[in-house]
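Text of final_10.pdb (PDB, C-alpha atoms) as supplied:
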```pdb
MODEL        1
ATOM      1  CA  PRO L   1      75.313 105.930  -7.642
ATOM      2  CA  GLY L   2      73.598 108.704  -9.548
ATOM      3  CA  TRP L   3      76.274 111.282  -8.753
ATOM      4  CA  ARG L   4      79.059 109.493 -10.673
ATOM      5  CA  HIS L   5      78.082 111.129 -13.964
ATOM      6  CA  LEU L   6      78.413 114.645 -12.528
ATOM      7  CA  PRO L   7      81.364 116.805 -13.586
ATOM      8  CA  VAL L   8      84.099 117.460 -11.030
ATOM      9  CA  HIS L   9      85.977 120.768 -11.024
ATOM     10  CA  GLY L  10      89.195 121.557  -9.222
ATOM     11  CA  ASP L  11      88.640 125.287  -9.592
ATOM     12  CA  LEU L  12      85.727 127.217  -8.121
ATOM     13  CA  ALA L  13      85.687 129.842 -10.864
ATOM     14  CA  ALA L  14      85.448 127.118 -13.510
ATOM     15  CA  ALA L  15      82.552 125.508 -11.650
ATOM     16  CA  LEU L  16      80.712 128.814 -11.259
ATOM     17  CA  ALA L  17      81.200 129.538 -14.949
ATOM     18  CA  GLN L  18      78.680 126.738 -15.599
ATOM     19  CA  ARG L  19      76.007 129.144 -14.295
ATOM     20  CA  HIS L  20      74.480 126.920 -11.642
ATOM     21  CA  GLN L  21      71.298 127.952  -9.856
ATOM     22  CA  ALA L  22      72.601 127.230  -6.354
ATOM     23  CA  VAL L  23      75.769 126.361  -4.464
ATOM     24  CA  ILE L  24      76.213 124.328  -1.284
ATOM     25  CA  VAL L  25      79.124 125.723   0.738
ATOM     26  CA  ALA L  26      80.415 122.891   2.924
ATOM     27  CA  GLY L  27      84.190 123.236   3.174
ATOM     28  CA  PRO L  28      86.259 124.203   6.223
ATOM     29  CA  THR L  29      84.708 126.953   8.344
ATOM     30  CA  ALA L  30      87.366 129.510   7.405
ATOM     31  CA  LEU L  31      86.414 129.157   3.728
ATOM     32  CA  HIS L  32      82.638 129.489   4.098
ATOM     33  CA  LEU L  33      82.409 133.242   3.612
ATOM     34  CA  PRO L  34      84.994 133.578   0.804
ATOM     35  CA  VAL L  35      83.368 130.772  -1.207
ATOM     36  CA  ALA L  36      79.829 132.008  -0.496
ATOM     37  CA  LEU L  37      80.764 135.532  -1.587
ATOM     38  CA  GLN L  38      82.277 134.273  -4.851
ATOM     39  CA  ALA L  39      79.202 132.151  -5.531
ATOM     40  CA  ALA L  40      76.850 135.039  -4.722
ATOM     41  CA  ARG L  41      78.708 137.272  -7.154
ATOM     42  CA  ALA L  42      78.029 134.585  -9.766
ATOM     43  CA  GLY L  43      74.320 134.899  -9.010
ATOM     44  CA  CYS L  44      73.922 131.602  -7.122
ATOM     45  CA  HIS L  45      71.505 130.936  -4.278
ATOM     46  CA  LEU L  46      73.291 129.526  -1.236
ATOM     47  CA  LEU L  47      73.124 126.781   1.347
ATOM     48  CA  ILE L  48      75.985 127.616   3.708
ATOM     49  CA  GLU L  49      77.078 125.069   6.302
ATOM     50  CA  LYS L  50      77.239 126.335   9.849
ATOM     51  CA  PRO L  51      78.880 128.328  11.280
ATOM     52  CA  LEU L  52      78.794 131.110   8.732
ATOM     53  CA  GLY L  53      82.518 131.701   9.234
ATOM     54  CA  HIS L  54      85.267 132.166  11.789
ATOM     55  CA  SER L  55      85.165 135.973  11.699
ATOM     56  CA  LEU L  56      82.874 138.716  10.441
ATOM     57  CA  ASP L  57      85.193 139.507   7.528
ATOM     58  CA  GLY L  58      83.111 139.373   4.376
ATOM     59  CA  VAL L  59      79.716 139.376   6.099
ATOM     60  CA  ALA L  60      78.773 142.893   5.019
ATOM     61  CA  GLU L  61      79.849 142.193   1.444
ATOM     62  CA  LEU L  62      77.880 138.946   1.314
ATOM     63  CA  ARG L  63      74.767 140.595   2.742
ATOM     64  CA  ALA L  64      74.993 143.406   0.173
ATOM     65  CA  GLU L  65      75.458 140.951  -2.718
ATOM     66  CA  VAL L  66      72.543 138.794  -1.555
ATOM     67  CA  GLU L  67      70.247 141.806  -1.239
ATOM     68  CA  ARG L  68      71.322 143.294  -4.572
ATOM     69  CA  ARG L  69      70.776 140.056  -6.475
ATOM     70  CA  ARG L  70      67.755 138.932  -4.411
ATOM     71  CA  LEU L  71      69.384 135.611  -3.630
ATOM     72  CA  ARG L  72      67.968 133.016  -1.256
ATOM     73  CA  VAL L  73      70.290 131.919   1.547
ATOM     74  CA  LEU L  74      69.843 129.050   3.988
ATOM     75  CA  VAL L  75      72.393 128.588   6.787
ATOM     76  CA  GLY L  76      72.891 124.981   7.866
ATOM     77  CA  TYR L  77      71.614 125.017  11.420
ATOM     78  CA  GLN L  78      69.399 122.071  10.564
ATOM     79  CA  LEU L  79      68.249 121.501  14.148
ATOM     80  CA  ARG L  80      65.699 124.251  13.507
ATOM     81  CA  LEU L  81      63.943 121.605  11.401
ATOM     82  CA  HIS L  82      63.991 118.948  14.127
ATOM     83  CA  PRO L  83      60.349 117.955  14.736
ATOM     84  CA  THR L  84      60.559 117.712  18.526
ATOM     85  CA  LEU L  85      62.704 120.822  18.945
ATOM     86  CA  ARG L  86      60.016 122.657  16.993
ATOM     87  CA  ARG L  87      57.499 121.209  19.456
ATOM     88  CA  VAL L  88      59.600 122.676  22.264
ATOM     89  CA  ARG L  89      59.333 126.050  20.540
ATOM     90  CA  ASP L  90      55.552 125.640  20.258
ATOM     91  CA  TRP L  91      55.280 124.821  23.977
ATOM     92  CA  ILE L  92      57.281 127.910  24.909
ATOM     93  CA  ALA L  93      55.281 130.154  22.573
ATOM     94  CA  ALA L  94      51.998 128.784  23.947
ATOM     95  CA  GLY L  95      53.060 129.538  27.529
ATOM     96  CA  ALA L  96      52.993 125.872  28.557
ATOM     97  CA  ILE L  97      55.613 126.502  31.273
ATOM     98  CA  GLY L  98      54.770 130.151  31.830
ATOM     99  CA  GLN L  99      57.384 132.843  31.495
ATOM    100  CA  VAL L 100      60.799 131.353  30.775
ATOM    101  CA  VAL L 101      63.457 132.314  33.313
ATOM    102  CA  SER L 102      66.468 130.196  32.370
ATOM    103  CA  ALA L 103      67.837 127.519  30.066
ATOM    104  CA  GLU L 104      70.759 125.113  29.929
ATOM    105  CA  ALA L 105      72.185 123.518  26.796
ATOM    106  CA  HIS L 106      74.874 120.838  26.905
ATOM    107  CA  TRP L 107      76.747 119.231  24.023
ATOM    108  CA  GLY L 108      79.747 117.025  24.711
ATOM    109  CA  GLU L 109      81.139 114.659  22.092
ATOM    110  CA  ALA L 110      84.633 113.173  21.804
ATOM    111  CA  LEU L 111      86.295 114.590  18.693
ATOM    112  CA  PRO L 112      88.207 111.380  17.790
ATOM    113  CA  ASP L 113      84.862 109.562  17.487
ATOM    114  CA  TRP L 114      83.433 111.868  14.814
ATOM    115  CA  HIS L 115      85.195 110.331  11.799
ATOM    116  CA  PRO L 116      86.579 106.888  12.696
ATOM    117  CA  GLY L 117      89.630 105.956  10.661
ATOM    118  CA  GLU L 118      90.687 109.585  10.132
ATOM    119  CA  ASP L 119      93.282 111.587  12.028
ATOM    120  CA  TYR L 120      91.062 114.012  13.938
ATOM    121  CA  ARG L 121      93.961 116.454  14.271
ATOM    122  CA  ARG L 122      93.896 117.117  10.513
ATOM    123  CA  GLY L 123      90.210 118.058  10.355
ATOM    124  CA  TYR L 124      89.023 121.656  10.349
ATOM    125  CA  SER L 125      87.345 121.236  13.759
ATOM    126  CA  ALA L 126      90.771 120.781  15.349
ATOM    127  CA  ARG L 127      92.685 123.564  13.580
ATOM    128  CA  ARG L 128      92.592 127.249  14.408
ATOM    129  CA  GLU L 129      93.575 128.404  10.913
ATOM    130  CA  LEU L 130      90.578 126.534   9.477
ATOM    131  CA  GLY L 131      88.089 128.021  11.934
ATOM    132  CA  GLY L 132      87.996 125.115  14.368
ATOM    133  CA  GLY L 133      87.346 124.959  18.096
ATOM    134  CA  ALA L 134      84.439 123.763  20.184
ATOM    135  CA  VAL L 135      82.614 127.104  20.314
ATOM    136  CA  LEU L 136      82.305 127.529  16.539
ATOM    137  CA  THR L 137      82.082 123.873  15.554
ATOM    138  CA  LEU L 138      79.465 122.972  18.180
ATOM    139  CA  SER L 139      77.536 126.226  17.789
ATOM    140  CA  HIS L 140      74.120 124.627  17.191
ATOM    141  CA  PRO L 141      72.918 125.502  20.732
ATOM    142  CA  LEU L 142      73.798 129.161  20.149
ATOM    143  CA  ASP L 143      71.432 129.170  17.200
ATOM    144  CA  TYR L 144      68.589 127.086  18.592
ATOM    145  CA  LEU L 145      68.518 128.959  21.897
ATOM    146  CA  ARG L 146      68.039 132.144  19.905
ATOM    147  CA  PHE L 147      65.411 130.306  17.792
ATOM    148  CA  LEU L 148      63.570 129.421  21.017
ATOM    149  CA  LEU L 149      64.163 132.452  23.233
ATOM    150  CA  GLY L 150      64.923 135.482  21.052
ATOM    151  CA  ASP L 151      67.916 137.750  20.682
ATOM    152  CA  VAL L 152      71.008 137.620  22.882
ATOM    153  CA  VAL L 153      72.279 140.920  24.296
ATOM    154  CA  CYS L 154      75.493 139.891  26.069
ATOM    155  CA  VAL L 155      77.830 136.935  26.487
ATOM    156  CA  THR L 156      80.295 135.841  29.159
ATOM    157  CA  ALA L 157      82.490 132.802  28.553
ATOM    158  CA  GLU L 158      85.436 130.734  29.709
ATOM    159  CA  THR L 159      87.342 128.344  27.448
ATOM    160  CA  ALA L 160      90.106 125.825  28.041
ATOM    161  CA  GLN L 161      92.281 123.147  26.467
ATOM    162  CA  LEU L 162      91.920 120.116  28.728
ATOM    163  CA  SER L 163      91.322 117.163  26.394
ATOM    164  CA  GLY L 164      94.926 116.072  25.876
ATOM    165  CA  LEU L 165      94.077 115.710  22.175
ATOM    166  CA  GLU L 166      96.995 117.827  20.887
ATOM    167  CA  LEU L 167      94.789 120.637  19.564
ATOM    168  CA  ASP L 168      95.540 124.339  19.121
ATOM    169  CA  VAL L 169      91.895 125.308  19.749
ATOM    170  CA  GLU L 170      89.633 125.333  22.791
ATOM    171  CA  ASP L 171      88.157 121.912  23.493
ATOM    172  CA  VAL L 172      85.831 122.880  26.329
ATOM    173  CA  ALA L 173      83.803 126.041  26.883
ATOM    174  CA  HIS L 174      81.196 127.386  29.274
ATOM    175  CA  LEU L 175      79.045 130.312  28.113
ATOM    176  CA  THR L 176      76.448 132.454  29.839
ATOM    177  CA  LEU L 177      73.985 134.257  27.587
ATOM    178  CA  ARG L 178      71.609 137.044  28.573
ATOM    179  CA  PHE L 179      68.624 137.484  26.276
ATOM    180  CA  ALA L 180      66.728 140.670  25.496
ATOM    181  CA  SER L 181      63.813 139.222  27.476
ATOM    182  CA  GLY L 182      66.000 138.924  30.565
ATOM    183  CA  VAL L 183      66.271 135.125  30.333
ATOM    184  CA  LEU L 184      69.634 133.668  31.334
ATOM    185  CA  ALA L 185      71.055 130.601  29.591
ATOM    186  CA  SER L 186      74.175 128.522  30.110
ATOM    187  CA  VAL L 187      75.829 126.586  27.294
ATOM    188  CA  HIS L 188      78.472 123.884  27.679
ATOM    189  CA  VAL L 189      80.346 122.409  24.713
ATOM    190  CA  ASP L 190      83.320 120.049  24.648
ATOM    191  CA  TYR L 191      85.334 117.694  22.457
ATOM    192  CA  VAL L 192      85.782 115.143  25.244
ATOM    193  CA  GLU L 193      82.604 113.538  26.544
ATOM    194  CA  ARG L 194      82.045 109.791  26.148
ATOM    195  CA  PRO L 195      79.362 108.686  25.700
ATOM    196  CA  ALA L 196      78.217 111.749  23.791
ATOM    197  CA  ALA L 197      75.546 113.872  25.437
ATOM    198  CA  HIS L 198      73.340 116.568  23.954
ATOM    199  CA  TRP L 199      70.437 117.986  25.887
ATOM    200  CA  LEU L 200      68.434 121.128  26.608
ATOM    201  CA  ARG L 201      66.551 122.178  29.744
ATOM    202  CA  VAL L 202      64.221 125.191  29.759
ATOM    203  CA  VAL L 203      62.836 126.403  33.092
ATOM    204  CA  GLY L 204      59.677 128.480  33.325
ATOM    205  CA  ARG L 205      57.598 129.828  36.183
ATOM    206  CA  HIS L 206      55.116 126.978  35.793
ATOM    207  CA  GLY L 207      57.137 124.039  34.577
ATOM    208  CA  VAL L 208      60.171 122.636  32.784
ATOM    209  CA  ILE L 209      60.856 121.428  29.249
ATOM    210  CA  LEU L 210      63.526 118.791  28.581
ATOM    211  CA  TRP L 211      64.870 117.881  25.148
ATOM    212  CA  ASN L 212      67.306 115.063  24.439
ATOM    213  CA  GLY L 213      69.320 115.748  21.315
ATOM    214  CA  VAL L 214      70.522 112.143  21.109
ATOM    215  CA  ASP L 215      67.158 110.333  20.907
ATOM    216  CA  GLY L 216      65.099 113.420  20.054
ATOM    217  CA  VAL L 217      62.576 112.951  22.866
ATOM    218  CA  ALA L 218      61.028 116.127  24.313
ATOM    219  CA  GLU L 219      59.189 116.264  27.641
ATOM    220  CA  LEU L 220      56.866 118.914  29.003
ATOM    221  CA  HIS L 221      56.701 118.922  32.803
ATOM    222  CA  ARG L 222      53.877 121.176  33.974
ATOM    223  CA  ALA L 223      54.285 122.229  37.573
ATOM    224  CA  LEU L 224      51.111 120.560  38.895
ATOM    225  CA  ALA L 225      50.653 117.784  36.341
ATOM    226  CA  PRO L 226      50.935 114.190  37.635
ATOM    227  CA  ARG L 227      53.112 113.095  34.703
ATOM    228  CA  PRO L 228      54.998 114.762  31.836
ATOM    229  CA  GLU L 229      53.791 115.052  28.266
ATOM    230  CA  SER L 230      56.317 113.316  26.034
ATOM    231  CA  VAL L 231      56.836 113.478  22.278
ATOM    232  CA  ALA L 232      59.291 111.470  20.163
ATOM    233  CA  PRO L 233      60.423 111.868  16.551
ATOM    234  CA  PRO L 234      58.454 109.928  13.914
ATOM    235  CA  PRO L 235      59.339 106.241  13.347
ATOM    236  CA  GLY L 236      62.496 105.798  11.316
ATOM    237  CA  PHE L 237      63.794 109.283  12.117
ATOM    238  CA  THR L 238      67.606 109.447  12.355
ATOM    239  CA  ARG L 239      70.300 112.094  12.337
ATOM    240  CA  ALA L 240      70.492 111.641   8.561
ATOM    241  CA  SER L 241      66.798 112.535   8.338
ATOM    242  CA  LEU L 242      67.643 116.079   9.375
ATOM    243  CA  PHE L 243      70.015 116.542   6.434
ATOM    244  CA  LEU L 244      67.486 115.127   3.988
ATOM    245  CA  ASP L 245      64.848 117.464   5.432
ATOM    246  CA  GLU L 246      67.307 120.337   5.125
ATOM    247  CA  MET L 247      67.858 119.615   1.433
ATOM    248  CA  ARG L 248      64.125 119.327   0.780
ATOM    249  CA  HIS L 249      63.631 122.623   2.582
ATOM    250  CA  PHE L 250      66.387 124.265   0.528
ATOM    251  CA  LEU L 251      64.668 123.135  -2.673
ATOM    252  CA  ASP L 252      61.425 124.630  -1.350
ATOM    253  CA  CYS L 253      63.295 127.884  -0.696
ATOM    254  CA  LEU L 254      64.656 127.884  -4.250
ATOM    255  CA  ALA L 255      61.148 127.315  -5.607
ATOM    256  CA  GLY L 256      59.844 130.227  -3.543
ATOM    257  CA  ASP L 257      57.569 127.929  -1.557
ATOM    258  CA  ALA L 258      59.137 128.608   1.860
ATOM    259  CA  PRO L 259      61.282 131.222   3.586
ATOM    260  CA  PRO L 260      64.632 129.950   4.917
ATOM    261  CA  ALA L 261      64.269 128.302   8.320
ATOM    262  CA  CYS L 262      67.651 129.809   9.175
ATOM    263  CA  SER L 263      68.274 132.981   7.212
ATOM    264  CA  LEU L 264      71.530 134.785   6.524
ATOM    265  CA  ALA L 265      70.627 137.200   9.336
ATOM    266  CA  ASP L 266      70.135 134.240  11.693
ATOM    267  CA  GLY L 267      73.497 132.804  10.687
ATOM    268  CA  VAL L 268      75.187 136.148  11.298
ATOM    269  CA  ALA L 269      73.558 136.396  14.740
ATOM    270  CA  ALA L 270      74.805 132.927  15.746
ATOM    271  CA  LEU L 271      78.306 133.788  14.526
ATOM    272  CA  GLU L 272      78.268 137.039  16.496
ATOM    273  CA  ILE L 273      77.365 135.123  19.671
ATOM    274  CA  ALA L 274      80.174 132.615  19.111
ATOM    275  CA  LEU L 275      82.747 135.323  18.396
ATOM    276  CA  ALA L 276      81.567 137.281  21.447
ATOM    277  CA  ALA L 277      82.132 134.163  23.554
ATOM    278  CA  LEU L 278      85.673 133.733  22.241
ATOM    279  CA  ARG L 279      86.384 137.407  22.835
ATOM    280  CA  SER L 280      84.929 137.231  26.342
ATOM    281  CA  ALA L 281      87.162 134.290  27.213
ATOM    282  CA  ALA L 282      90.237 135.988  25.765
ATOM    283  CA  GLU L 283      89.594 139.327  27.485
ATOM    284  CA  ARG L 284      88.021 137.930  30.684
ATOM    285  CA  ARG L 285      84.965 140.175  30.511
ATOM    286  CA  THR L 286      81.335 140.308  29.444
ATOM    287  CA  VAL L 287      80.855 141.253  25.779
ATOM    288  CA  ASP L 288      77.753 143.170  24.694
ATOM    289  CA  LEU L 289      76.035 142.443  21.394
TER     290      LEU L 289
ENDMDL
END
```

The structure given in the file should be rewritten as structure tokens.
Amino acid sequence: PGWRHLPVHGDLAAALAQRHQAVIVAGPTALHLPVALQAARAGCHLLIEKPLGHSLDGVAELRAEVERRRLRVLVGYQLRLHPTLRRVRDWIAAGAIGQVVSAEAHWGEALPDWHPGEDYRRGYSARRELGGGAVLTLSHPLDYLRFLLGDVVCVTAETAQLSGLELDVEDVAHLTLRFASGVLASVHVDYVERPAAHWLRVVGRHGVILWNGVDGVAELHRALAPRPESVAPPPGFTRASLFLDEMRHFLDCLAGDAPPACSLADGVAALEIALAALRSAAERRTVDL
């Protein structure tokens, strides 16, 4: 493989001393912000895996460094690049189902199935000190709902440990989001469900939009139409296609040919929603954003 000739460093400072143009931050969640901040101080553009972190510590410093050095930052919520989810956004923006009133997002996937052959309990997703837990690790719906429906103003949530998987983090969570527009959305995430399920339902005054995150098919159900309009991803599209598209998009961002599909501000907003949900569950109250 072409990567075998590349140098390998065991020290981040030594790697950054090579004066690279960009850094991909893809370690455990708890290390995203510290590594990104060190790379930004070295003048590197950033692709930061989602979520941005497990707390807001370091966010203000990273934002200031990025602005001062005019760095480009892409946060890895790659579902914003999904062709049929973007079609869903187009339908909503065009008023195809009228004014949106509610949405439901569901993502359940058994944690032991993610990396067969590995002890799932050792991965960052399963460990509190590494920023694990279902709310942060499965936070894609928190970002794409905001991508589709606008800013969130308050969050109410309940979390639990019900999987029997010997974890010290929540493995199931139910969230209710209120958007600035007044739209209400519910989000369910868990580390348990077999077979895995990932779907979105958006209800409007004049119809419903369904999106299946497993096969990528989106359906537009107009209230009085005899049959739905359906759109599928292009032939050959797989989950891996999203990561390839993300890398191509990042290169476009570096070249100045495109703005980030998910900016640093977007990543911060998704993190704030996730942290508000965890706080709501801990304090048994609604948390305003």

From the set L:Glu67, L:Glu118, L:Glu104, L:Glu61, which residue has the shortest atom-to-atom contact distance to Val208 of chain L, counting all atoms listed in the file?
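Counting all atoms listed in the file, the residue closest to Val208 of chain L is L:Glu104.
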
Taking 4 positions as the minimum chain separation for residues in the same chain, which residues sit within 12 Å of Val75 of chain L when counting all atoms listed in the file? Answer as a PyMOL selection string.
chain L and resi 23-26+32-33+36+45-53+79-81+140+143+246-247+249-250+253+259-271

Given all atoms listed in the file as the counted atoms, nearest of L:Ala281, L:Phe147, L:Pro83, L:Ala40 to Val172 of chain L
L:Ala281

Given the file shown, determine the residues that the PyMOL selection byres ((chain L and resi 175-178) around 8) selects; report them as a count of residues only.
19

L:Arg194, L:His9, L:Arg72, L:Arg89: which is nearest Ala218 of chain L, counting only C-alpha atoms?
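Ranked by minimum distance to Ala218 of chain L, first place goes to L:Arg89.
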
Name the residues in contact with Ile97 of chain L at a cut-off of 6 Å, using all atoms listed in the file, excluding same-chain residues fewer than 6 positions from it; report them as a VMD selection string.
chain L and resid 204 206 to 207

Evaluate the PyMOL selection byres ((chain L and resi 130) around 12) and report residues as a PDB file with C-alpha atoms, in the coordinates of the input:
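Result file part_5.pdb:
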```
ATOM      1  CA  GLY L  27      84.190 123.236   3.174  1.00  0.00           C
ATOM      2  CA  PRO L  28      86.259 124.203   6.223  1.00  0.00           C
ATOM      3  CA  THR L  29      84.708 126.953   8.344  1.00  0.00           C
ATOM      4  CA  ALA L  30      87.366 129.510   7.405  1.00  0.00           C
ATOM      5  CA  LEU L  31      86.414 129.157   3.728  1.00  0.00           C
ATOM      6  CA  HIS L  32      82.638 129.489   4.098  1.00  0.00           C
ATOM      7  CA  PRO L  51      78.880 128.328  11.280  1.00  0.00           C
ATOM      8  CA  GLY L  53      82.518 131.701   9.234  1.00  0.00           C
ATOM      9  CA  HIS L  54      85.267 132.166  11.789  1.00  0.00           C
ATOM     10  CA  SER L  55      85.165 135.973  11.699  1.00  0.00           C
ATOM     11  CA  ARG L 121      93.961 116.454  14.271  1.00  0.00           C
ATOM     12  CA  ARG L 122      93.896 117.117  10.513  1.00  0.00           C
ATOM     13  CA  GLY L 123      90.210 118.058  10.355  1.00  0.00           C
ATOM     14  CA  TYR L 124      89.023 121.656  10.349  1.00  0.00           C
ATOM     15  CA  SER L 125      87.345 121.236  13.759  1.00  0.00           C
ATOM     16  CA  ALA L 126      90.771 120.781  15.349  1.00  0.00           C
ATOM     17  CA  ARG L 127      92.685 123.564  13.580  1.00  0.00           C
ATOM     18  CA  ARG L 128      92.592 127.249  14.408  1.00  0.00           C
ATOM     19  CA  GLU L 129      93.575 128.404  10.913  1.00  0.00           C
ATOM     20  CA  GLY L 131      88.089 128.021  11.934  1.00  0.00           C
ATOM     21  CA  GLY L 132      87.996 125.115  14.368  1.00  0.00           C
ATOM     22  CA  GLY L 133      87.346 124.959  18.096  1.00  0.00           C
ATOM     23  CA  LEU L 136      82.305 127.529  16.539  1.00  0.00           C
ATOM     24  CA  THR L 137      82.082 123.873  15.554  1.00  0.00           C
ATOM     25  CA  ASP L 168      95.540 124.339  19.121  1.00  0.00           C
ATOM     26  CA  VAL L 169      91.895 125.308  19.749  1.00  0.00           C
TER      27      VAL L 169
END
```

Pairwise distance for atom CA of Gly256 of chain L and atom CA of Leu12 of chain L, rounded to one decimal in Å:
26.5 Å

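Nearest to Leu148 of chain L of all the residues L:Val202, L:Ala39, L:Leu165, L:Ala160 is L:Val202, counting all atoms listed in the file.
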
Provide an axis-aligned box for all listed atoms of segment 196-205 of chain L, padding each side by 8 Å; report its centre and its edge lengths in Å to one decimal, as JSON.
```
{"center_x": 67.9, "center_y": 120.8, "center_z": 30.0, "size_x": 36.6, "size_y": 34.1, "size_z": 28.4}
```

Evaluate the PyMOL selection byres ((chain L and resi 233) around 9) on the structure here and hand back the selected residues as a PDB file with C-alpha atoms, keeping the file's coordinate frame.
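Output saved as out.pdb:
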```
ATOM      1  CA  HIS L  82      63.991 118.948  14.127  1.00  0.00           C
ATOM      2  CA  PRO L  83      60.349 117.955  14.736  1.00  0.00           C
ATOM      3  CA  THR L  84      60.559 117.712  18.526  1.00  0.00           C
ATOM      4  CA  ASP L 215      67.158 110.333  20.907  1.00  0.00           C
ATOM      5  CA  GLY L 216      65.099 113.420  20.054  1.00  0.00           C
ATOM      6  CA  VAL L 217      62.576 112.951  22.866  1.00  0.00           C
ATOM      7  CA  ALA L 218      61.028 116.127  24.313  1.00  0.00           C
ATOM      8  CA  VAL L 231      56.836 113.478  22.278  1.00  0.00           C
ATOM      9  CA  ALA L 232      59.291 111.470  20.163  1.00  0.00           C
ATOM     10  CA  PRO L 234      58.454 109.928  13.914  1.00  0.00           C
ATOM     11  CA  PRO L 235      59.339 106.241  13.347  1.00  0.00           C
ATOM     12  CA  GLY L 236      62.496 105.798  11.316  1.00  0.00           C
ATOM     13  CA  PHE L 237      63.794 109.283  12.117  1.00  0.00           C
ATOM     14  CA  THR L 238      67.606 109.447  12.355  1.00  0.00           C
TER      15      THR L 238
END
```

Within 12 Å of (64.8, 137.7, -9.3) in the file's own coordinates, which protein, DNA or RNA residues have an atom, counting all atoms listed in the file? List them as a ChimeraX atom specification.
/L:21,43-45,66-72,254-256

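When all atoms listed in the file are used to compute distances to Asp245 of chain L, the closest of the residues L:Tyr77, L:Gly164, L:Thr286, L:Arg146 turns out to be L:Tyr77.
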
Which is closest to Trp199 of chain L among L:Arg87, L:Ala105, L:Arg248, L:Glu65, if we use only C-alpha atoms?
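Of the candidates, the smallest distance to Trp199 of chain L is held by L:Ala105.
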
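Separating atom CA of Asn212 of chain L from atom CA of Ala276 of chain L is a distance of 26.6 Å.
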
Report the distance between atom CA of Asp252 of chain L and atom CA of Val73 of chain L in Å, rounded to one decimal place.
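Spanning atom CA of Asp252 of chain L to atom CA of Val73 of chain L is a straight-line distance of 11.8 Å.
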
Would you kindly return, as a list of chain:residue names, each protein, DNA or RNA residue with an atom no farther than 10 Å from any atom of Ser163 of chain L, considering only C-alpha atoms and excluding same-chain residues fewer than 3 positions away?
L:Ala110, L:Leu111, L:Ala160, L:Glu166, L:Leu167, L:Glu170, L:Asp171, L:Val172, L:Asp190, L:Tyr191, L:Val192, L:Glu193

Neighbour list for Leu200 of chain L as a list in words, cut-off 9 Å, all atoms listed in the file, skip fewer than 6 positions in-chain:
Ala103, Glu104, Ala105, His106, Trp107, Pro141, Ile209, Leu210, Trp211, Asn212 and Gly213 of chain L
